[in-house]
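The structure under discussion appears below in the form of structure tokens.
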Amino acid sequence: MLDLGFALLLTLLATGLGARLLQGLGSAPSRAVDLFGLAFPLGAGLIALGVLLLGQFGALTTIGLALMLAVVAEIGLRRGVHLAGELAETPFRKESAAPTFGLDRLTAVFLIATIAATGISALAPVMDGDALCYHLQVPKVFLMKGSAVFDPDLHETIYPLTTEMLYLIALAFRGPIACRCIQWMLGLAMAANVTAMARPSLGSRAWWAGAGALLVPAITNGMSAPLNDVALAAFGTAALASWMRLHDEPSRKSAALAGTFAGLAAGVKYPALVLATILTATLIVRPLYARKGSEKTRWIDAVSLTSCFVMALIAAGSAWYLRAYVHTGNPVFPFFRSLFGAGLDEVLDPIKRPLTTSPWNLLTALAPLSLEPHRFDSFAHQFGPVFLLFLPALLLERAPRRVLGLVLFGYVFLTLCMTQRQSMRFLLIAVGPMSVGVAWLASTWRDRTTIPARALTVVMIGVLGLESCVAMTRAGRAAGSVMGTETAASYLARSEPTYRVGRWIDENLPKDARVIGQDHRGFYIPRDYTMELAHRRRTDLGEHGETDAEVVETLVREGYTHLVLCPPAAGSDVEFDPTLGEMLAPWLATHRPLFCEELAEPDGLVRRYSIYQLDAVAGSTIAVEDGGVKR
């Protein structure tokens, strides 16, 4: 629970900082829930930029981070506590207009159950693959180096890293579970912003939109994983909510604020650049749908608002892209290598686009995304059936212009992102505006007394219930370790192979050991660790006819002391590059491993882990205490 407590404290500080700034600008929403939705991402984004600044000056130490948090606490702690009190004093029935109907009550039950379930999942030990190889590994490397370094063999160190900078704080003072809890809080902020977007159209039922967005399986899964996908949705919906406030009350101040949120979103993940582009374009063409003022005045205002928006966008988000350009010559490294001359072709390989990008496929992309989620990067990160089932009904209903605009915005974002790397995790910004459309339909059908409307309402409730069950099922798997029936160490030891390997390395290898290995997951390896595939792609080692001895000699010359191999068991169809093992086969045949054990992953995949000393004499091994070769 200390991890959750730390995440709550960081949320309190960030929200207080953001609320103070919004209040100072005269842009603070009157409702506490809406204020939280904007204040938390604003404060968190600024804290992340502060961590980046410390990293550029080599001050990523617990002392440096503590001093920065002390400054934030001085500015925002009192306001954060006050806002937390307002949220606690606002009964759920006031926000939800006193649930009196079955739809209200059941949706509230599903919402509360899902929040609790994702909270339990967030307290489980971390085994998420992408987190262990990137989202947690990058801040761990920064902390080990004391600086925001660029490691060419861990190219994610040059990505936009707003979320990872928040994780860095959590890792410095607590651990990876606290990082999960930060993502959980960002999911709540996303739901708050969706509610704020829906309020002008749905009034007291606006919370239905936030609840619908929060129940989406991709969101509930992401809220309990230390990745950056829900963070992207939280910052993206904050940008969209602030843009809607700009649309309602246009001013240079509100344009600058919306641009700031868009820039902070761009600092989370590259898809936010698509969001920023759409927001900028809609501002430029605002005179085409604005109804106030003469045409000339509208165009002058549009240019003025767009200028303020873009300047704030650049100020808030450009640091990440400037850093990438300085280190690599490519501001969006490793993408678009053909354009910038630096990067990796693999990140936009045709295999990353399982759906042909024809106009018809893009227009109907929601169907395969909903019906065949396994094709798009991850089955767990799926939209579920709710959007495909109900959004088409908007074509038959007379929905308000605002609702249609939001849904169209979300769908345009989705289709534009699908032209590049097709992963549902990159599309979560679209969940918020599309949920507003679903909630409007639910509200419309609820007010009708016809049999078809009631039938549709029952189906919708059933879908929401199924989505809630998905989150509760996932929580059930983690309940043992969370409730204390099993320690985190034993849970990881039986479930996460790299934890066991890392524990052996910590007990048996010197502190200055440098390890290169085949496993992409380096977080639990407590030494300087390099993924050999990334190293080989960069250096072309072994691609020029080198012998096995020459490859090993090169690695030793570069400072590597130990090698980790982890080929899957025979007959496995898991994606794995065996090139290094094949290149070093003669060398491996004459050297004995220090450690050798077959370890199983939760999905049943078995890998054979072996650790070799690179400068060992042929036929020899090194005696170690409480470890060694296991057959």
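Labels used: A, B, ... for chains in the order of the structure tokens, numbers from 1 for residues in each chain, and numbers from 1 for ligands as shown.
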
For Val303 in chain A, please output as a ChimeraX atom specification all residues within 7 Å (counting only C-alpha atoms; exclusion window: fewer than 4 positions along the same chain).
/A:284,299,307

For Ala19 in chain A: contacts at 6 Å, only C-alpha atoms, fewer than 4 positions along chain excluded, given as a PyMOL selection string
chain A and resi 15+23+39

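Excluding Arg608 in chain A and any residue on its chain fewer than 3 positions from it, the residues at most 8 Å away by only C-alpha atoms are A:Leu565, A:Cys566, A:Pro567, A:Pro568, A:Ala569, A:Cys596, A:Glu597, A:Glu598, A:Leu599.
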
Quick one: everything within 9 Å of Val407 in chain A, counting only C-alpha atoms, minus sequence neighbours fewer than 4 positions away in the same chain. Send it as a ChimeraX atom specification.
/A:391,402-403,411-412,430,432-437

Could you check which of A:Leu388, A:Ala211, A:Leu46, A:Val552 is closest to Val268 in chain A, using only C-alpha atoms?
A:Leu46

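With only C-alpha atoms as the atoms that count, the residue of A:Leu456, A:Ala585, A:Leu123, A:Val574 with the shortest distance to Asp603 in chain A is A:Val574.
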
Write out as a ChimeraX atom specification which residues come within 10 Å of Arg401 in chain A when counting only C-alpha atoms, dropping same-chain ones fewer than 4 positions away.
/A:201,405-406

Would you mind exporting all heavy atoms of the selected residues as a JSON list (two decimals), in the first residue's frame?
```
[["chain", "number", "residue", "atom", "x", "y", "z"],
["A", 201, "SER", "N", -23.46, 18.44, -23.58],
["A", 201, "SER", "CA", -24.47, 17.71, -24.35],
["A", 201, "SER", "C", -25.34, 16.79, -23.50],
["A", 201, "SER", "O", -26.48, 16.52, -23.85],
["A", 201, "SER", "CB", -23.78, 16.87, -25.44],
["A", 201, "SER", "OG", -23.01, 17.68, -26.30],
["A", 405, "GLY", "N", -19.49, 16.06, -33.88],
["A", 405, "GLY", "CA", -18.14, 16.57, -34.10],
["A", 405, "GLY", "C", -17.09, 15.82, -33.30],
["A", 405, "GLY", "O", -16.01, 15.51, -33.80],
["A", 406, "LEU", "N", -17.41, 15.52, -32.04],
["A", 406, "LEU", "CA", -16.48, 14.77, -31.21],
["A", 406, "LEU", "C", -16.24, 13.37, -31.75],
["A", 406, "LEU", "O", -15.09, 12.89, -31.81],
["A", 406, "LEU", "CB", -16.98, 14.71, -29.77],
["A", 406, "LEU", "CG", -16.77, 15.96, -28.92],
["A", 406, "LEU", "CD1", -17.55, 15.87, -27.62],
["A", 406, "LEU", "CD2", -15.29, 16.17, -28.65]]
```

Hey, what does DSSP flag as alpha helix (DSSP H) within range 458-569 of chain A? Can you give it to me as a count of residues only?
64

Please provide as a VMD selection string all residues within 10 Å of Gly119 in chain A, with the sequence filter that same-chain residues fewer than 4 positions apart are discarded (counting only C-alpha atoms).
chain A and resid 4 113 to 115 123 to 124 180 to 181 184 to 185 220 223 to 224 471 475

Just the selected residues (all heavy atoms), exported as an mmCIF file, in the first residue's frame, please.
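Printed below is again-v5.cif as written:
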```
data_model
loop_
_atom_site.group_PDB
_atom_site.id
_atom_site.type_symbol
_atom_site.label_atom_id
_atom_site.label_comp_id
_atom_site.auth_asym_id
_atom_site.auth_seq_id
_atom_site.Cartn_x
_atom_site.Cartn_y
_atom_site.Cartn_z
ATOM 1 N N LEU A 4 0.941 2.656 -3.496
ATOM 2 C CA LEU A 4 -0.257 3.420 -3.822
ATOM 3 C C LEU A 4 -0.221 4.768 -3.117
ATOM 4 O O LEU A 4 -0.582 5.804 -3.712
ATOM 5 C CB LEU A 4 -1.508 2.633 -3.414
ATOM 6 C CG LEU A 4 -2.849 3.347 -3.628
ATOM 7 C CD1 LEU A 4 -3.053 3.688 -5.095
ATOM 8 C CD2 LEU A 4 -3.997 2.480 -3.117
ATOM 9 N N ALA A 113 -16.909 -1.172 -9.520
ATOM 10 C CA ALA A 113 -16.250 -2.478 -9.538
ATOM 11 C C ALA A 113 -15.009 -2.462 -10.411
ATOM 12 O O ALA A 113 -13.972 -3.058 -10.065
ATOM 13 C CB ALA A 113 -17.226 -3.549 -10.024
ATOM 14 N N THR A 114 -15.097 -1.765 -11.529
ATOM 15 C CA THR A 114 -13.955 -1.717 -12.451
ATOM 16 C C THR A 114 -12.814 -0.893 -11.868
ATOM 17 O O THR A 114 -11.637 -1.275 -11.978
ATOM 18 C CB THR A 114 -14.399 -1.124 -13.802
ATOM 19 O OG1 THR A 114 -15.409 -1.965 -14.364
ATOM 20 C CG2 THR A 114 -13.229 -1.047 -14.765
ATOM 21 N N ILE A 115 -13.133 0.232 -11.241
ATOM 22 C CA ILE A 115 -12.084 1.039 -10.612
ATOM 23 C C ILE A 115 -11.381 0.236 -9.523
ATOM 24 O O ILE A 115 -10.150 0.241 -9.403
ATOM 25 C CB ILE A 115 -12.675 2.343 -10.051
ATOM 26 C CG1 ILE A 115 -13.122 3.267 -11.197
ATOM 27 C CG2 ILE A 115 -11.666 3.057 -9.167
ATOM 28 C CD1 ILE A 115 -13.838 4.513 -10.734
ATOM 29 N N LEU A 123 -1.658 -3.086 -8.089
ATOM 30 C CA LEU A 123 -0.803 -3.355 -6.925
ATOM 31 C C LEU A 123 -0.029 -4.662 -7.061
ATOM 32 O O LEU A 123 0.707 -5.034 -6.151
ATOM 33 C CB LEU A 123 -1.661 -3.392 -5.661
ATOM 34 C CG LEU A 123 -2.282 -2.050 -5.248
ATOM 35 C CD1 LEU A 123 -3.252 -2.246 -4.090
ATOM 36 C CD2 LEU A 123 -1.202 -1.044 -4.887
ATOM 37 N N ALA A 124 -0.182 -5.355 -8.182
ATOM 38 C CA ALA A 124 0.525 -6.625 -8.394
ATOM 39 C C ALA A 124 1.952 -6.375 -8.876
ATOM 40 O O ALA A 124 2.236 -5.347 -9.494
ATOM 41 C CB ALA A 124 -0.231 -7.472 -9.416
ATOM 42 N N ARG A 180 2.828 1.512 -11.660
ATOM 43 C CA ARG A 180 1.488 1.042 -12.023
ATOM 44 C C ARG A 180 0.422 1.982 -11.463
ATOM 45 O O ARG A 180 -0.541 2.345 -12.160
ATOM 46 C CB ARG A 180 1.245 -0.353 -11.436
ATOM 47 C CG ARG A 180 1.836 -1.543 -12.161
ATOM 48 C CD ARG A 180 1.248 -2.792 -11.524
ATOM 49 N NE ARG A 180 1.835 -4.032 -11.967
ATOM 50 C CZ ARG A 180 1.417 -4.732 -13.013
ATOM 51 N NH1 ARG A 180 0.429 -4.265 -13.753
ATOM 52 N NH2 ARG A 180 1.992 -5.874 -13.334
ATOM 53 N N CYS A 181 0.571 2.372 -10.227
ATOM 54 C CA CYS A 181 -0.437 3.196 -9.562
ATOM 55 C C CYS A 181 -0.531 4.583 -10.197
ATOM 56 O O CYS A 181 -1.620 5.177 -10.233
ATOM 57 C CB CYS A 181 -0.116 3.307 -8.071
ATOM 58 S SG CYS A 181 -0.200 1.724 -7.189
ATOM 59 N N TRP A 184 -2.706 4.196 -13.090
ATOM 60 C CA TRP A 184 -4.090 4.053 -12.627
ATOM 61 C C TRP A 184 -4.719 5.418 -12.380
ATOM 62 O O TRP A 184 -5.847 5.681 -12.801
ATOM 63 C CB TRP A 184 -4.098 3.205 -11.351
ATOM 64 C CG TRP A 184 -5.445 2.901 -10.801
ATOM 65 C CD1 TRP A 184 -6.399 2.081 -11.350
ATOM 66 C CD2 TRP A 184 -5.998 3.387 -9.571
ATOM 67 N NE1 TRP A 184 -7.506 2.031 -10.530
ATOM 68 C CE2 TRP A 184 -7.295 2.819 -9.440
ATOM 69 C CE3 TRP A 184 -5.520 4.236 -8.574
ATOM 70 C CZ2 TRP A 184 -8.107 3.082 -8.341
ATOM 71 C CZ3 TRP A 184 -6.337 4.495 -7.479
ATOM 72 C CH2 TRP A 184 -7.608 3.917 -7.375
ATOM 73 N N MET A 185 -3.973 6.315 -11.761
ATOM 74 C CA MET A 185 -4.485 7.655 -11.508
ATOM 75 C C MET A 185 -4.700 8.419 -12.817
ATOM 76 O O MET A 185 -5.658 9.186 -12.957
ATOM 77 C CB MET A 185 -3.524 8.426 -10.604
ATOM 78 C CG MET A 185 -3.410 7.881 -9.183
ATOM 79 S SD MET A 185 -4.986 7.820 -8.291
ATOM 80 C CE MET A 185 -5.536 9.521 -8.408
ATOM 81 N N THR A 220 -8.869 -0.396 -19.153
ATOM 82 C CA THR A 220 -8.722 -1.096 -17.877
ATOM 83 C C THR A 220 -7.419 -1.894 -17.828
ATOM 84 O O THR A 220 -6.780 -1.988 -16.777
ATOM 85 C CB THR A 220 -9.910 -2.026 -17.612
ATOM 86 O OG1 THR A 220 -10.060 -2.961 -18.703
ATOM 87 C CG2 THR A 220 -11.193 -1.236 -17.477
ATOM 88 N N MET A 223 -4.575 0.745 -17.471
ATOM 89 C CA MET A 223 -4.525 1.426 -16.172
ATOM 90 C C MET A 223 -3.717 0.651 -15.141
ATOM 91 O O MET A 223 -3.224 1.242 -14.163
ATOM 92 C CB MET A 223 -5.954 1.625 -15.645
ATOM 93 C CG MET A 223 -6.709 2.767 -16.273
ATOM 94 S SD MET A 223 -8.398 2.910 -15.640
ATOM 95 C CE MET A 223 -8.101 3.383 -13.927
ATOM 96 N N SER A 224 -3.601 -0.648 -15.325
ATOM 97 C CA SER A 224 -2.868 -1.463 -14.351
ATOM 98 C C SER A 224 -1.532 -1.937 -14.902
ATOM 99 O O SER A 224 -0.941 -2.884 -14.375
ATOM 100 C CB SER A 224 -3.717 -2.675 -13.943
ATOM 101 O OG SER A 224 -4.086 -3.436 -15.078
ATOM 102 N N ALA A 471 -12.147 -6.742 -16.470
ATOM 103 C CA ALA A 471 -11.252 -6.112 -15.490
ATOM 104 C C ALA A 471 -11.221 -6.906 -14.187
ATOM 105 O O ALA A 471 -10.154 -7.079 -13.576
ATOM 106 C CB ALA A 471 -11.708 -4.681 -15.228
ATOM 107 N N ALA A 475 -8.081 -8.839 -12.313
ATOM 108 C CA ALA A 475 -7.728 -8.575 -10.919
ATOM 109 C C ALA A 475 -7.654 -9.865 -10.115
ATOM 110 O O ALA A 475 -6.831 -9.995 -9.200
ATOM 111 C CB ALA A 475 -8.749 -7.624 -10.302
#
```
